[in-house]
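Scroll down for the structure; my scribbles are underneath it.
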Amino acid sequence: MGSIRLFLNRPISLSTPSVDIHRSVKTRACLNVDVHVQPPDSVKLNLKSKEVMEMEAKVLVGTYARNPLVLAHGKGCKLYDPEGLEYLDCTSGIAVNALGHGDPDWVRAVTEQANLLTHVSNVYYSIPQVELAKRLVACSFADRVLFTNSGTEANEAAIKFARKFQRVIHPDEKHPATGFIAFTNSFHGRTMGAVALTSKKHYRFPFEPVMPGVTFLEYGNMQAARELIKCGKIAAVFVEPIQGEGGIYSATKEFLQSLRSACDEAGCLLVFDEVQCGLGRTGYLWAYEAYGAVPDIMTIAKPLAGGLPIGAALMSERVAAAIKFGEHGSTFAGGPLVCTAAITVLDKISRPGFLTSVSKKGQYFKEMLIQKLGGNSHVREVRGLGLIIGIELDVSASPLVDACRNSGLLILTAGEGNVVRLVPPLIISEQELERAADILFECLPVLDKTLK
């Protein structure tokens, strides 16, 4: 380890590296490798960062505007590039790695299950799937669970289930309610149904026409929501208790409780999207617990399996009763391997002491950020709950993200690109949070350069 240069101990750099990812390389990859042959160098992590970026430009579809950084391995809240440089991770793979990287209990559970059984499909029963569902029911409002492979798939299921529910409870109506309400700054996924519920037009426009029947209302506008809900044409209302991608905006108790009562009166469903804010991120196991409003369906995903792909729609018995065999399904959803991983994550996060620590660290981090950054003219607001925190700026956050990365701190943007999104692993220490705040403070001057 002595040869590793630690980013966290080196001077702050405000410059952005120039990486030519289009330079031609002669390295070729062979896809039909015999299983008895030694793995290629890329699997051994012997490739350098520049080589990886050059290869990526040649073989992958250009759907991601990636940061110029290759990550090779991680431990706890630290990540390392192929050259051994260290980064403090305040992204958690976009709020996924709640237990950090390489959690020993998680690694042990996944390794043991991989040696037993990884996949059987939903043609058969499997023990880990039933065990995970039992735990999710026990620790939430839900009576039933549907597993998926991602958050957007969980929202797609909620869309289908809401429409089917309306058909079942109104069997004599020729045209039962099929409409949906979503809100400004919402993000519910990128598949065709979920993207129709996502407010930012640039997500929807290239693929229009998307699913019709969605009305976007101002996030927090109780009166507009109640008036539209009572018209009787709304199958479900989709809302994030805390908007992550949208800019770390939190709903009020009054808003979510108003939606609950309006949905009850009109007979439509209330869907909480907790894909990013759920499972301990707020200091509560589920974000809805902080608001005194219970949904009919809750969609979850990101942190559930600790980095393996999983999603779920949790729902009440009356919603689940509307669905019959064969009306929805998935080949991979709820497989033994991912469910075993998720059991480990859920068991650790749901401990009261763990959740208390998230609340404590989140409050400490937010107060520290307000103290260190609040006096800067570019900082409009520091907001959030638990360890989902946003720093709203009056300029683009991209230069700050770049400067922090060059100084060993990984952070995200949100909103219109002017919000710094901080979603570190929930296991992060106060010392690591202090270091993150220090780097943010020391990198703030880069924002002045954007105005020149």
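Chains: A, B, ... in order of the structure tokens. Residues: from 1 per chain. Ligands: from 1, in order shown.
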
Sort by chain and increasing residue number a table of all residues of segment 385-442 of chain A within 8 Å of segment 241-246 of chain A, each with its closest pair of atoms and their distance in Å to one decimal, counting only C-alpha atoms, and write it as JSON lines.
{"residue": "A:Ile388", "atom": "CA", "partner": "A:Gly244", "partner_atom": "CA", "distance": 7.8}
{"residue": "A:Ala414", "atom": "CA", "partner": "A:Glu245", "partner_atom": "CA", "distance": 5.1}
{"residue": "A:Gly415", "atom": "CA", "partner": "A:Gly246", "partner_atom": "CA", "distance": 4.4}
{"residue": "A:Glu416", "atom": "CA", "partner": "A:Gly246", "partner_atom": "CA", "distance": 7.7}
{"residue": "A:Arg421", "atom": "CA", "partner": "A:Gly244", "partner_atom": "CA", "distance": 7.9}

(message) So that I can check the surroundings of Ile229 of chain A, please list as JSON, numbers by chain every protein, DNA and RNA residue that reaches within 8 Å of it, counting only C-alpha atoms and ignoring chain neighbours fewer than 5 positions away.
(response) {"A": [234, 262, 263, 266, 268]}

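Nearest residue to Leu308 of chain A, choosing from A:Gln276, A:Ser150, A:Asn115, A:Ser350 and counting only C-alpha atoms: A:Ser150.
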
(request) Fewer than 2 positions away in the same chain doesn't count, so skip those; otherwise give me all residues within 12 Å of Ala305 of chain A, counting only C-alpha atoms, as a PyMOL selection string. (result) chain A and resi 95-100+103+106-107+109-110+132+147-150+279+300-303+307-312+334-349

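Nearest to Arg144 of chain A of all the residues A:Met298, A:Leu71, A:Tyr249, A:Phe365 is A:Met298, counting only C-alpha atoms.
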